[in-house]
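Raw start.cif, mmCIF, C-alpha atoms:
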```
data_model
loop_
_atom_site.label_atom_id
_atom_site.label_comp_id
_atom_site.auth_asym_id
_atom_site.auth_seq_id
_atom_site.Cartn_x
_atom_site.Cartn_y
_atom_site.Cartn_z
CA LYS A 1 -18.86 0.71 16.40
CA GLY A 2 -15.22 -0.32 16.64
CA PRO A 3 -12.84 -3.28 16.84
CA GLY A 4 -14.52 -6.32 18.40
CA LYS A 5 -17.85 -4.47 18.76
CA THR A 6 -21.17 -4.72 16.94
CA ILE A 7 -24.21 -2.51 16.49
CA LEU A 8 -26.46 -5.52 17.15
CA LYS A 9 -28.25 -5.61 20.48
CA GLU A 10 -27.83 -8.60 22.77
CA ASP A 11 -31.16 -10.12 21.67
CA GLU A 12 -30.62 -9.55 17.90
CA ILE A 13 -29.15 -11.87 15.29
CA LEU A 14 -28.13 -11.23 11.70
CA THR A 15 -30.27 -13.40 9.42
CA LYS A 16 -29.26 -12.30 5.92
CA ILE A 17 -27.13 -9.99 3.86
CA ILE A 18 -28.56 -8.62 0.62
CA VAL A 19 -26.13 -7.79 -2.16
CA LYS A 20 -27.56 -6.11 -5.24
CA LYS A 21 -26.61 -7.58 -8.60
CA TRP A 22 -24.29 -5.26 -10.47
CA LYS A 23 -25.28 -3.75 -13.79
CA LYS A 24 -23.27 -4.28 -16.98
CA ASN A 25 -21.37 -1.00 -16.59
CA GLU A 26 -20.37 -1.71 -12.96
CA SER A 27 -17.29 -3.59 -11.79
CA GLY A 28 -15.25 -3.99 -8.66
CA PHE A 29 -12.04 -5.27 -7.16
CA PHE A 30 -11.03 -6.45 -3.66
CA ASN A 31 -7.40 -6.40 -2.59
CA LYS A 32 -5.91 -7.49 0.74
CA LEU A 33 -2.48 -7.73 2.29
CA GLY A 34 -1.95 -10.27 5.04
CA GLN A 35 0.89 -12.33 6.42
CA ARG A 36 -0.30 -15.46 4.59
CA ASN A 37 -2.55 -16.28 1.64
CA ALA A 38 -5.59 -17.55 3.54
CA LEU A 39 -7.33 -17.34 6.90
CA THR A 40 -5.40 -14.32 8.06
CA ILE A 41 -6.34 -10.97 9.52
CA ALA A 42 -5.56 -8.24 7.00
CA ILE A 43 -2.81 -5.71 7.53
CA ALA A 44 -4.86 -3.57 5.14
CA SER A 45 -7.55 -4.14 2.51
CA SER A 46 -9.34 -2.17 -0.16
CA CYS A 47 -12.55 -2.72 -2.05
CA ILE A 48 -13.49 -0.55 -5.00
CA LYS A 49 -16.68 -0.44 -7.05
CA ILE A 50 -16.92 1.70 -10.16
CA LYS A 51 -19.70 2.57 -12.58
CA LYS A 52 -18.61 3.68 -16.04
CA VAL A 53 -20.71 5.71 -18.48
CA ASN A 54 -19.29 6.34 -21.95
CA GLY A 55 -15.86 5.13 -20.81
CA LYS A 56 -15.68 7.54 -17.86
CA ILE A 57 -16.15 6.84 -14.18
CA ASP A 58 -19.60 8.09 -13.27
CA ASP A 59 -19.54 6.73 -9.72
CA ILE A 60 -16.85 5.21 -7.50
CA LYS A 61 -16.82 3.83 -3.98
CA ILE A 62 -13.52 3.05 -2.24
CA SER A 63 -13.61 1.23 1.10
CA LEU A 64 -10.56 0.49 3.24
CA GLY A 65 -10.28 -2.05 6.04
CA SER A 66 -7.83 -2.55 8.92
CA VAL A 67 -6.65 1.05 8.68
CA SER A 68 -9.17 2.70 11.03
CA PRO A 69 -11.30 1.51 13.95
CA THR A 70 -13.99 0.52 11.39
CA VAL A 71 -14.11 0.25 7.60
CA VAL A 72 -13.83 3.72 6.04
CA ARG A 73 -14.51 5.26 2.65
CA ALA A 74 -11.76 7.19 0.86
CA LYS A 75 -14.10 9.99 -0.18
CA LYS A 76 -11.37 12.48 -1.02
CA VAL A 77 -9.90 10.02 -3.50
CA GLU A 78 -13.36 9.15 -4.86
CA ASP A 79 -14.09 12.82 -5.55
CA ARG A 80 -10.75 13.37 -7.31
CA ILE A 81 -11.12 10.26 -9.48
CA LYS A 82 -14.67 11.23 -10.53
CA ASN A 83 -13.41 14.60 -11.78
CA LEU A 84 -10.71 13.19 -14.07
CA ASN A 85 -11.08 13.47 -17.83
CA THR A 86 -8.34 10.94 -18.61
CA TYR A 87 -6.83 8.12 -16.59
CA LYS A 88 -3.05 8.35 -16.56
CA ARG A 89 -1.02 6.20 -14.18
CA GLU A 90 0.98 9.15 -12.84
CA GLU A 91 -2.14 11.16 -12.05
CA ILE A 92 -3.89 8.18 -10.42
CA LEU A 93 -0.79 7.50 -8.30
CA LYS A 94 -0.72 11.11 -7.13
CA ILE A 95 -4.41 10.93 -6.19
CA CYS A 96 -3.93 7.63 -4.34
CA ASN A 97 -1.45 9.36 -2.03
CA GLU A 98 -4.44 11.24 -0.61
CA VAL A 99 -5.75 8.00 0.91
CA GLU A 100 -3.84 8.92 4.07
CA LYS A 101 -6.30 11.80 4.66
CA ASP A 102 -9.18 9.33 5.05
CA ILE A 103 -7.58 6.69 7.28
CA ASN A 104 -6.37 6.48 10.87
CA PRO A 105 -4.29 3.31 11.19
CA ILE A 106 -2.77 1.98 14.38
CA THR A 107 0.52 0.27 15.03
CA ASP A 108 0.16 -3.32 16.23
CA VAL A 109 1.84 -6.71 15.78
CA ARG A 110 0.68 -6.92 12.15
CA GLY A 111 2.12 -3.59 11.00
CA SER A 112 3.02 -0.04 11.89
CA ARG A 113 0.84 2.99 11.25
CA GLU A 114 3.29 4.15 8.58
CA TYR A 115 3.37 0.76 6.85
CA ARG A 116 -0.44 0.49 6.76
CA THR A 117 -0.64 4.00 5.31
CA GLU A 118 1.77 3.16 2.47
CA VAL A 119 0.12 -0.22 1.83
CA SER A 120 -3.31 1.44 1.62
CA LYS A 121 -2.10 3.79 -1.11
CA TYR A 122 -0.63 0.83 -3.00
CA LEU A 123 -3.77 -1.32 -2.67
CA VAL A 124 -6.01 1.45 -3.99
CA PHE A 125 -3.59 2.20 -6.84
CA GLU A 126 -3.31 -1.46 -7.88
CA SER A 127 -7.08 -1.93 -7.73
CA LEU A 128 -7.65 1.15 -9.89
CA ASN A 129 -4.95 -0.08 -12.29
CA TYR A 130 -6.94 -3.28 -12.71
CA LEU A 131 -10.36 -1.62 -13.00
CA LEU A 132 -9.20 1.07 -15.42
CA ASP A 133 -7.00 -1.41 -17.31
CA MET A 134 -3.90 0.77 -16.96
CA ARG A 135 -1.63 -2.25 -16.47
CA GLY A 136 1.23 -2.68 -18.81
#
```

Here is a file; write its structure as structure tokens.
Amino acid sequence: KGPGKTILKEDEILTKIIVKKWKKNESGFFNKLGQRNALTIAIASSCIKIKKVNGKIDDIKISLGSVSPTVVRAKKVEDRIKNLNTYKREEILKICNEVEKDINPITDVRGSREYRTEVSKYLVFESLNYLLDMRG
């Protein structure tokens, strides 16, 4: 529902979380920027899951944290990535700039709105670099 809020009612408790096992052609990457390496609230985070078929992305889910009141999906970026025929760094970088259309960051003690926006683009780009093996 928003920062510091839950959808659970007062008399409800979370008892388990079910995570489906990924198939062979699925992979993912989590990336976070914080002020220290552990036990810190993120300035921004990204989590990406892809499914490849015949070397192409058949499905992609991009989630971003700490850049909106709740976790959001970067659906505009997902749609653009799914429609690519080849994965070139320059094209991926251009697409990652569209992350700002899906987020609504605030300015607080951890970072400004502008900083979180730029960091979000970078986190998504670096995660895609890893998943698509474009490093080098």

For each of A:Leu128, A:Ala38, A:Ile92, A:Ile48, take the minimum atom-to-atom distance to A:Lys61, counting only C-alpha atoms, then give the residue where this is smallest.
->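 Checking each of A:Leu128, A:Ala38, A:Ile92, A:Ile48 against A:Lys61, counting only C-alpha atoms, the winner is A:Ile48.
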
For atom CA of A:Ser120 and atom CA of A:Tyr87, determine how far apart the two atoms are, in Å to one decimal place.
->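 Atom-to-atom, atom CA of A:Ser120 and atom CA of A:Tyr87 are spaced 19.7 Å apart.
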
Using the chain letters and numbering of this document, enumerate as a list in words the residues selected by the PyMOL selection byres ((chain A and resi 70-86) around 9).
-> Lys1, Gly2, Pro3, Lys56, Ile57, Asp58, Asp59, Ile60, Lys61, Ile62, Ser63, Leu64, Gly65, Ser66, Val67, Ser68, Pro69, Tyr87, Lys88, Ile92, Ile95, Cys96, Asn97, Glu98, Val99, Glu100, Lys101, Asp102 and Ile103 of chain A

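Evaluated on this file, the PyMOL selection byres ((chain A and resi 129) around 12) matches Gly28, Phe29, Asn31, Ile48, Tyr87, Lys88, Arg89, Glu90, Glu91, Ile92, Leu93, Cys96, Tyr122, Leu123, Val124, Phe125, Glu126, Ser127, Leu128, Tyr130, Leu131, Leu132, Asp133, Met134, Arg135 and Gly136 of chain A.
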
Mind giving me the straight-line distance from atom CA of A:Asn25 to atom CA of A:Val53 in Å, one decimal?
->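 The value is 7.0 Å.
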
What does the distance between atom CA of A:Lys5 and atom CA of A:Val119 come to in Å, to one decimal place?
-> 25.1 Å

Skip A:Val109 itself and residues of its chain fewer than 4 positions away, then list as a PDB file with C-alpha atoms, keeping the file's coordinate frame all residues within 12 Å of it, counting only C-alpha atoms.
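And here is the file that came out, result.pdb:
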```
ATOM      1  CA  GLY A  34      -1.950 -10.270   5.040  1.00  0.00           C
ATOM      2  CA  GLN A  35       0.890 -12.330   6.420  1.00  0.00           C
ATOM      3  CA  ILE A  41      -6.340 -10.970   9.520  1.00  0.00           C
ATOM      4  CA  ALA A  42      -5.560  -8.240   7.000  1.00  0.00           C
ATOM      5  CA  ILE A  43      -2.810  -5.710   7.530  1.00  0.00           C
ATOM      6  CA  ARG A 113       0.840   2.990  11.250  1.00  0.00           C
ATOM      7  CA  TYR A 115       3.370   0.760   6.850  1.00  0.00           C
ATOM      8  CA  ARG A 116      -0.440   0.490   6.760  1.00  0.00           C
TER       9      ARG A 116
END
```

Close residues, stretch 11-24 of chain A itself excluded, 12 Å, all atoms listed in the file, min 4 positions apart in chain, as a PyMOL selection string | chain A and resi 6-7+28+49-53

Which of these, A:Lys121, A:Lys9, A:Ser45, A:Thr40, has the shortest distance to A:Lys94 once you count all atoms listed in the file?
->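 So, comparing all the options, the nearest one is A:Lys121.
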